[in-house]
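Note: the block below is protein23.txt and it holds compact mmCIF, C-alpha atoms.
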# COMPACT_ATOMS: atom_id res chain seq x y z
CA MET A 93 0.00 0.00 0.00
CA ALA A 94 1.35 3.42 -0.88
CA THR A 95 2.36 5.68 1.95
CA HIS A 96 1.38 9.32 2.26
CA PRO A 97 3.94 11.64 3.81
CA THR A 98 1.40 14.07 5.19
CA LEU A 99 -1.06 11.71 6.86
CA ARG A 100 -0.68 10.57 10.44
CA GLN A 101 0.84 7.11 10.57
CA ASN A 102 2.65 4.98 13.11
CA SER A 103 6.25 4.16 12.33
CA ASP A 104 8.57 1.86 14.24
CA SER A 105 11.64 3.88 13.30
CA PRO A 106 12.19 7.45 12.16
CA PRO A 107 13.27 8.13 8.58
CA THR A 108 16.92 8.87 7.95
CA GLY A 109 18.94 10.19 5.07
CA HIS A 110 16.12 12.19 3.48
CA PRO A 111 16.77 15.88 2.83
CA SER A 112 14.62 18.53 4.53
CA ARG A 113 12.09 16.22 6.13
CA ARG A 114 10.49 16.19 9.56
CA SER A 115 11.42 13.59 12.17
CA THR A 116 7.79 12.43 12.26
CA ASP A 117 7.60 11.74 8.53
CA PRO A 118 7.36 8.13 7.27
CA PRO A 119 10.11 6.60 5.12
CA PRO A 120 11.12 8.93 2.28
CA HIS A 121 10.26 6.76 -0.73
CA PRO A 122 6.63 5.63 -1.06
CA MET A 123 5.95 2.18 -2.42
CA ARG A 124 5.45 2.44 -6.15
CA ARG A 125 2.31 1.42 -7.96
CA ALA A 126 2.61 -1.55 -10.29
CA GLY A 127 2.31 0.69 -13.34
CA ASP A 128 5.01 3.17 -12.31
CA LYS A 129 8.06 3.42 -14.52
CA ALA A 130 11.62 3.80 -13.37
CA PRO A 131 12.60 7.44 -12.76
CA THR A 132 13.61 9.26 -15.93
CA ARG A 133 14.10 12.89 -16.90
CA PRO A 134 10.58 13.80 -18.07
CA ALA A 135 9.54 17.07 -19.65
CA VAL A 136 8.55 19.69 -17.08
CA SER A 137 5.95 22.35 -17.87
CA LEU A 138 6.09 25.58 -15.87
CA VAL A 139 2.78 27.46 -15.68
CA ILE A 140 2.98 31.11 -14.63
CA PRO A 141 -0.16 33.28 -14.38
CA ALA A 142 0.60 36.97 -14.82
CA LEU A 143 -1.23 40.28 -14.66
CA ASN A 144 0.83 43.44 -15.18
CA GLU A 145 4.11 41.82 -14.15
CA ALA A 146 6.44 43.30 -16.82
CA ARG A 147 8.94 44.54 -14.23
CA ASN A 148 9.12 41.16 -12.46
CA ILE A 149 9.18 38.75 -15.41
CA PRO A 150 12.90 39.25 -16.26
CA TRP A 151 14.06 38.22 -12.77
CA VAL A 152 11.79 35.16 -12.79
CA PHE A 153 12.57 33.99 -16.33
CA GLU A 154 16.34 34.42 -15.99
CA GLN A 155 16.38 31.90 -13.10
CA ILE A 156 14.33 29.11 -14.71
CA PRO A 157 16.41 25.91 -14.42
CA ASP A 158 17.35 23.61 -17.29
CA CYS A 159 14.97 20.87 -16.11
CA VAL A 160 12.01 22.96 -17.34
CA GLY A 161 11.08 21.93 -20.87
CA GLU A 162 8.40 24.51 -21.58
CA VAL A 163 7.18 27.74 -20.00
CA LEU A 164 3.55 28.82 -20.32
CA LEU A 165 2.76 32.43 -19.44
CA ILE A 166 -0.96 32.85 -18.89
CA ASP A 167 -1.76 36.52 -19.32
CA GLY A 168 -4.76 38.06 -17.59
CA ASP A 169 -5.15 40.88 -20.14
CA SER A 170 -2.20 42.86 -18.80
CA ARG A 171 -2.15 46.59 -19.49
CA ASP A 172 1.64 46.78 -19.39
CA ALA A 173 4.32 45.04 -21.50
CA THR A 174 4.16 41.70 -19.68
CA VAL A 175 3.88 39.59 -22.84
CA PRO A 176 6.45 41.48 -24.99
CA VAL A 177 8.97 41.45 -22.14
CA ALA A 178 8.43 37.72 -21.57
CA THR A 179 8.93 37.00 -25.27
CA ARG A 180 12.11 39.09 -25.38
CA ILE A 181 13.61 37.36 -22.34
CA LEU A 182 12.51 33.86 -23.39
CA PRO A 183 11.60 33.60 -27.10
CA THR A 184 10.32 30.03 -26.63
CA VAL A 185 7.71 31.02 -24.04
CA ARG A 186 4.14 29.98 -24.85
CA SER A 187 2.06 33.06 -24.13
CA LEU A 188 -1.67 32.38 -23.74
CA ARG A 189 -4.69 34.52 -22.91
CA GLN A 190 -6.68 33.05 -20.08
CA SER A 191 -10.21 32.00 -20.88
CA GLY A 192 -11.85 33.99 -18.06
CA LYS A 193 -10.86 36.03 -15.01
CA GLY A 194 -8.96 35.22 -11.84
CA LYS A 195 -5.84 33.29 -10.86
CA GLY A 196 -7.67 29.98 -10.72
CA ASN A 197 -8.96 30.39 -14.25
CA ALA A 198 -5.47 31.34 -15.47
CA LEU A 199 -3.89 28.27 -13.89
CA ARG A 200 -6.52 25.91 -15.26
CA THR A 201 -6.04 27.40 -18.71
CA GLY A 202 -2.32 26.66 -18.44
CA PHE A 203 -2.77 23.16 -17.02
CA LEU A 204 -4.93 22.16 -19.97
CA GLU A 205 -2.31 23.41 -22.42
CA ALA A 206 0.73 21.94 -20.65
CA ARG A 207 2.50 19.12 -22.47
CA GLY A 208 5.04 17.98 -19.89
CA ASP A 209 4.75 14.88 -17.73
CA TYR A 210 5.12 17.12 -14.69
CA VAL A 211 3.47 20.52 -14.19
CA VAL A 212 4.89 23.18 -11.90
CA MET A 213 2.95 26.33 -10.97
CA MET A 214 4.43 29.49 -9.53
CA ASP A 215 3.76 33.23 -9.38
CA ALA A 216 5.23 35.87 -11.67
CA ASP A 217 5.91 38.50 -8.99
CA GLY A 218 9.32 37.23 -7.87
CA SER A 219 8.07 35.93 -4.53
CA MET A 220 9.00 32.35 -5.47
CA SER A 221 12.42 31.31 -6.71
CA PRO A 222 12.57 29.13 -9.85
CA ALA A 223 15.84 27.76 -8.45
CA GLU A 224 13.70 25.61 -6.11
CA ILE A 225 11.94 23.79 -8.98
CA PRO A 226 14.44 20.87 -9.16
CA HIS A 227 13.60 20.06 -5.54
CA PHE A 228 9.92 19.69 -6.45
CA VAL A 229 10.77 17.59 -9.52
CA HIS A 230 13.00 15.34 -7.42
CA PHE A 231 10.05 14.23 -5.29
CA LEU A 232 7.85 13.64 -8.35
CA GLU A 233 10.60 11.50 -9.86
CA ASN A 234 10.76 9.46 -6.68
CA GLY A 235 7.18 8.30 -6.43
CA TYR A 236 5.06 11.25 -5.25
CA ASP A 237 2.10 12.57 -7.21
CA PHE A 238 1.66 16.08 -5.79
CA VAL A 239 4.39 18.25 -4.26
CA LYS A 240 3.65 21.48 -2.46
CA GLY A 241 5.98 24.14 -1.16
CA SER A 242 5.77 24.99 2.52
CA ARG A 243 6.97 28.14 4.23
CA PHE A 244 6.54 26.55 7.65
CA VAL A 245 8.36 23.24 7.35
CA GLU A 246 11.98 23.13 8.50
CA GLY A 247 14.13 24.87 5.91
CA GLY A 248 11.31 27.07 4.60
CA GLY A 249 10.32 30.60 5.53
CA SER A 250 8.72 33.84 4.44
CA LEU A 251 10.13 37.35 4.11
CA ASP A 252 6.76 38.71 3.04
CA ILE A 253 3.83 37.24 4.98
CA THR A 254 2.04 39.55 7.41
CA ARG A 255 0.92 38.47 10.86
CA PHE A 256 -2.72 38.70 9.78
CA ARG A 257 -2.18 36.49 6.71
CA LYS A 258 -0.15 34.02 8.75
CA LEU A 259 -2.93 33.68 11.33
CA GLY A 260 -5.51 33.20 8.59
CA ASN A 261 -3.40 30.59 6.82
CA HIS A 262 -2.90 28.62 10.04
CA ALA A 263 -6.62 28.72 10.87
CA LEU A 264 -7.61 27.43 7.43
CA LEU A 265 -4.81 24.86 7.55
CA ALA A 266 -6.06 23.56 10.90
CA LEU A 267 -9.48 23.01 9.32
CA VAL A 268 -7.99 21.01 6.44
CA ASN A 269 -5.86 18.88 8.76
CA ARG A 270 -8.89 18.14 10.93
CA LEU A 271 -11.18 17.28 8.02
CA TYR A 272 -8.64 15.01 6.30
CA ASP A 273 -6.67 13.74 9.31
CA ALA A 274 -3.56 15.25 7.73
CA THR A 275 -0.44 16.97 9.06
CA LEU A 276 0.18 19.59 6.39
CA THR A 277 2.19 22.65 7.41
CA ASP A 278 1.06 25.22 4.81
CA LEU A 279 -2.09 25.81 2.75
CA CYS A 280 -2.35 29.19 1.01
CA TYR A 281 0.88 29.06 -0.96
CA GLY A 282 0.87 28.66 -4.72
CA PHE A 283 4.20 26.95 -5.39
CA CYS A 284 3.14 23.40 -6.31
CA ALA A 285 3.92 20.61 -8.78
CA PHE A 286 2.02 17.52 -9.84
CA ARG A 287 1.94 14.71 -12.36
CA ARG A 288 -0.12 15.91 -15.31
CA SER A 289 -1.72 12.45 -15.55
CA PHE A 290 -3.60 13.29 -12.32
CA LEU A 291 -5.16 16.52 -13.60
CA ASP A 292 -8.60 14.88 -13.89
CA GLN A 293 -8.38 13.62 -10.29
CA LEU A 294 -7.62 17.15 -9.11
CA ASP A 295 -10.95 18.15 -10.71
CA LEU A 296 -10.30 21.89 -10.59
CA HIS A 297 -13.07 24.49 -10.90
CA ALA A 298 -11.97 27.45 -8.77
CA THR A 299 -11.61 30.84 -10.43
CA GLY A 300 -9.57 32.80 -7.87
CA PHE A 301 -6.80 32.39 -5.29
CA GLU A 302 -8.80 29.62 -3.62
CA ILE A 303 -7.57 27.24 -6.32
CA GLU A 304 -4.48 26.53 -4.19
CA ALA A 305 -6.65 25.15 -1.37
CA GLU A 306 -8.90 23.34 -3.85
CA MET A 307 -5.91 21.53 -5.34
CA ILE A 308 -4.72 20.36 -1.95
CA VAL A 309 -8.06 19.09 -0.64
CA HIS A 310 -8.78 17.31 -3.94
CA ALA A 311 -5.34 15.69 -3.83
CA LEU A 312 -6.04 14.53 -0.27
CA ARG A 313 -9.52 13.34 -1.19
CA SER A 314 -8.18 11.40 -4.19
CA GLY A 315 -5.49 9.66 -2.16
CA LEU A 316 -2.59 11.12 -4.12
CA ARG A 317 0.87 10.70 -2.66
CA ILE A 318 1.74 14.16 -1.34
CA ALA A 319 5.07 15.60 -0.26
CA GLU A 320 5.85 18.98 1.25
CA VAL A 321 9.16 20.65 0.46
CA PRO A 322 10.65 23.72 2.16
CA SER A 323 10.27 26.98 0.23
CA LEU A 324 11.36 30.52 0.98
CA GLU A 325 8.76 33.14 0.11
CA LEU A 326 10.41 36.39 -0.99
CA PRO A 327 8.92 39.86 -1.04
CA ARG A 328 7.19 40.86 -4.29
CA ARG A 329 9.88 42.59 -6.32
CA ASN A 330 7.75 45.34 -7.86
CA GLY A 331 4.14 46.47 -7.87
CA ARG A 332 1.20 45.59 -5.67
CA SER A 333 -0.28 42.17 -5.03
CA ASN A 334 -3.66 41.22 -6.47
CA LEU A 335 -4.40 39.22 -3.31
CA HIS A 336 -7.07 40.57 -0.95
CA ALA A 337 -6.54 38.80 2.36
CA ILE A 338 -10.09 39.09 3.76
CA SER A 339 -12.18 38.48 0.64
CA ASP A 340 -9.87 35.78 -0.73
CA GLY A 341 -9.68 34.17 2.71
CA ARG A 342 -13.46 33.94 2.72
CA ARG A 343 -13.39 32.28 -0.70
CA VAL A 344 -10.90 29.73 0.59
CA LEU A 345 -13.09 29.01 3.62
CA ARG A 346 -16.18 28.55 1.43
CA THR A 347 -14.19 26.17 -0.75
CA LEU A 348 -13.03 24.10 2.21
CA LEU A 349 -16.53 23.86 3.66
CA SER A 350 -18.18 22.99 0.36
CA GLU A 351 -15.50 20.39 -0.42
CA ARG A 352 -15.44 18.74 3.01
CA PRO A 353 -16.05 14.99 3.00
CA GLY A 354 -19.75 14.40 2.43
CA GLY A 355 -20.54 18.09 2.33
CA ARG A 356 -20.11 19.43 -1.19
CA SER A 357 -22.45 22.36 -1.65
CA ALA A 358 -24.46 22.76 -4.82
CA SER A 359 -24.16 26.51 -4.38
CA ALA A 360 -20.36 26.56 -4.52
CA PRO A 361 -18.92 28.36 -7.55
CA ARG A 362 -18.20 25.86 -10.32
CA GLU A 363 -16.42 26.60 -13.53
CA ARG A 364 -14.42 24.40 -15.83
CA SER A 365 -12.04 25.55 -18.51
CA THR A 366 -12.33 24.09 -21.96
CA PRO A 367 -9.34 23.30 -24.15
Can you turn what I pasted into structure tokens?
Amino acid sequence: MATHPTLRQNSDSPPTGHPSRRSTDPPPHPMRRAGDKAPTRPAVSLVIPALNEARNIPWVFEQIPDCVGEVLLIDGDSRDATVPVATRILPTVRSLRQSGKGKGNALRTGFLEARGDYVVMMDADGSMSPAEIPHFVHFLENGYDFVKGSRFVEGGGSLDITRFRKLGNHALLALVNRLYDATLTDLCYGFCAFRRSFLDQLDLHATGFEIEAEMIVHALRSGLRIAEVPSLELPRRNGRSNLHAISDGRRVLRTLLSERPGGRSASAPRERSTP
């Protein structure tokens, strides 16, 4: 039976030799499914939603590691030179207009267009370092299905989060851990990676920032093998964030309540992108 690194389990001995893991985590390599192939170097798709991020794109794109096979920039109808700057810095970038509005819609647009075996998502504002991507890919190559960055696991951190946002994140996280008997350490952080073959199981519909929470609870609900890796959140390099802590926090809470086991609400916002 496959193990899940974020669920509570009993273990006779603590794991050793695994980088950046907690002492309470189970052994580092989950048992593979019968259909799993030996680790290879698969194509990695990097999906980056952007809205008026022309001043931040150069820093982000210049740090993209060699393991990334394609970069998809999902533009939310930017009024600045986001797309021209991206094309100048990285001529091979696939620039797409999102099909609707909101970060969730932008990400889903990119996920449907991604061609790599693994999909990585990150922000365009410089708050997440592309240099961390190989760490995410490492865990996918070693048997995990969904890898999420954590600012609160050992080795992670944040140079940007406010006390109010931190309290809100921990409150919502506590709800998820209680509902799913999990031991996650971070929730509202959009640096994640997953096997593209599991996109249907993630069953994404969210339109806004709540998509990050939706992805995690659907991964838990589907029994995907999840790993958390330490990530350092940096301050936004330029401009103002599109995140609204109170209104977006309410959207996340509604998502968690509507998606709780046995409690999906028919009134929850539902939207699906089309290819």
Among the residues A:Arg255, A:Arg186, A:Arg270, A:Lys240, the one that comes closest to A:Leu348 [using all atoms listed in the file]
A:Arg270
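The list of residues with at least one atom within 10 Å of A:Glu224, based on all atoms listed in the file and without residues fewer than 4 positions apart in the same chain, reads A:Gln155, A:Ile156, A:Pro157, A:Met220, A:Phe228, A:Val229, A:Gly241, A:Phe283, A:Val321, A:Pro322, A:Ser323, A:Leu324.
One finds atom CA of A:Ser221 at 27.0 Å from atom CA of A:Asn269.
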For A:Asp172, find every residue with an atom within 6 Å (counting all atoms listed in the file), except residues of its own chain fewer than 2 positions away, and show them as a ChimeraX atom specification.
/A:144,170,174
Using only C-alpha atoms for the distances, tell me which of A:Ala305, A:Val239, A:Ala178, A:Leu279 is nearest to A:Leu259.
A:Leu279
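Computed from the coordinates, the atom CA of A:Leu326 to atom CA of A:Phe203 distance equals 24.6 Å.
With only C-alpha atoms as the basis for measurement, A:Arg288 is the residue among A:Arg288, A:Arg332, A:Arg147, A:His227 that approaches A:Tyr210 most closely.
Of the listed residues (A:Cys159, A:Cys280, A:Ala135, A:Leu316), A:Cys280 comes nearest to A:Ala266; the distances count all atoms listed in the file.
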Please identify all polymer residues within 6 Å of stretch 214-218 of chain A, counting only C-alpha atoms, omitting same-chain residues fewer than 6 positions from it, and present them as a count of residues only.
7
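Take atom CA of A:Trp151 and atom CA of A:Ile303: the distance between them is 25.1 Å.
Taking all atoms listed in the file into account, A:Leu138 lies nearest to A:Val211 out of the set A:Leu188, A:Val175, A:Val211, A:Ile181.
Of the listed residues A:Asn261, A:Asn234, A:Ser350, A:Gln293, the one whose atoms come nearest to A:Tyr281 is A:Asn261, with distances taken using all atoms listed in the file.
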Test item: residues at most 9 Å from A:Leu182, only C-alpha atoms, excluding those fewer than 6 positions along its chain, as an mmCIF file with C-alpha atoms, in the coordinates of the input:
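What follows is the written file result26.cif:
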data_model
loop_
_atom_site.group_PDB
_atom_site.id
_atom_site.type_symbol
_atom_site.label_atom_id
_atom_site.label_comp_id
_atom_site.auth_asym_id
_atom_site.auth_seq_id
_atom_site.Cartn_x
_atom_site.Cartn_y
_atom_site.Cartn_z
ATOM 1 C CA PRO A 150 12.900 39.250 -16.260
ATOM 2 C CA PHE A 153 12.570 33.990 -16.330
ATOM 3 C CA GLU A 154 16.340 34.420 -15.990
ATOM 4 C CA VAL A 163 7.180 27.740 -20.000
#
Exercise: residues within 10 Å of coordinate (2.5, 16.9, -24.6), counting only C-alpha atoms, as a tab-separated table (two decimals) with C-alpha atoms, keeping the file's coordinate frame:
chain	number	residue	atom	x	y	z
A	135	ALA	CA	9.54	17.07	-19.65
A	137	SER	CA	5.95	22.35	-17.87
A	205	GLU	CA	-2.31	23.41	-22.42
A	206	ALA	CA	0.73	21.94	-20.65
A	207	ARG	CA	2.50	19.12	-22.47
A	208	GLY	CA	5.04	17.98	-19.89
A	209	ASP	CA	4.75	14.88	-17.73
A	288	ARG	CA	-0.12	15.91	-15.31
Contacts of A:Val245 at 8 Å or less, counting only C-alpha atoms, minus same-chain residues fewer than 4 places along, as a list of chain:residue names?
A:Arg114, A:Gly249, A:Thr277, A:Asp278, A:Glu320, A:Val321, A:Pro322
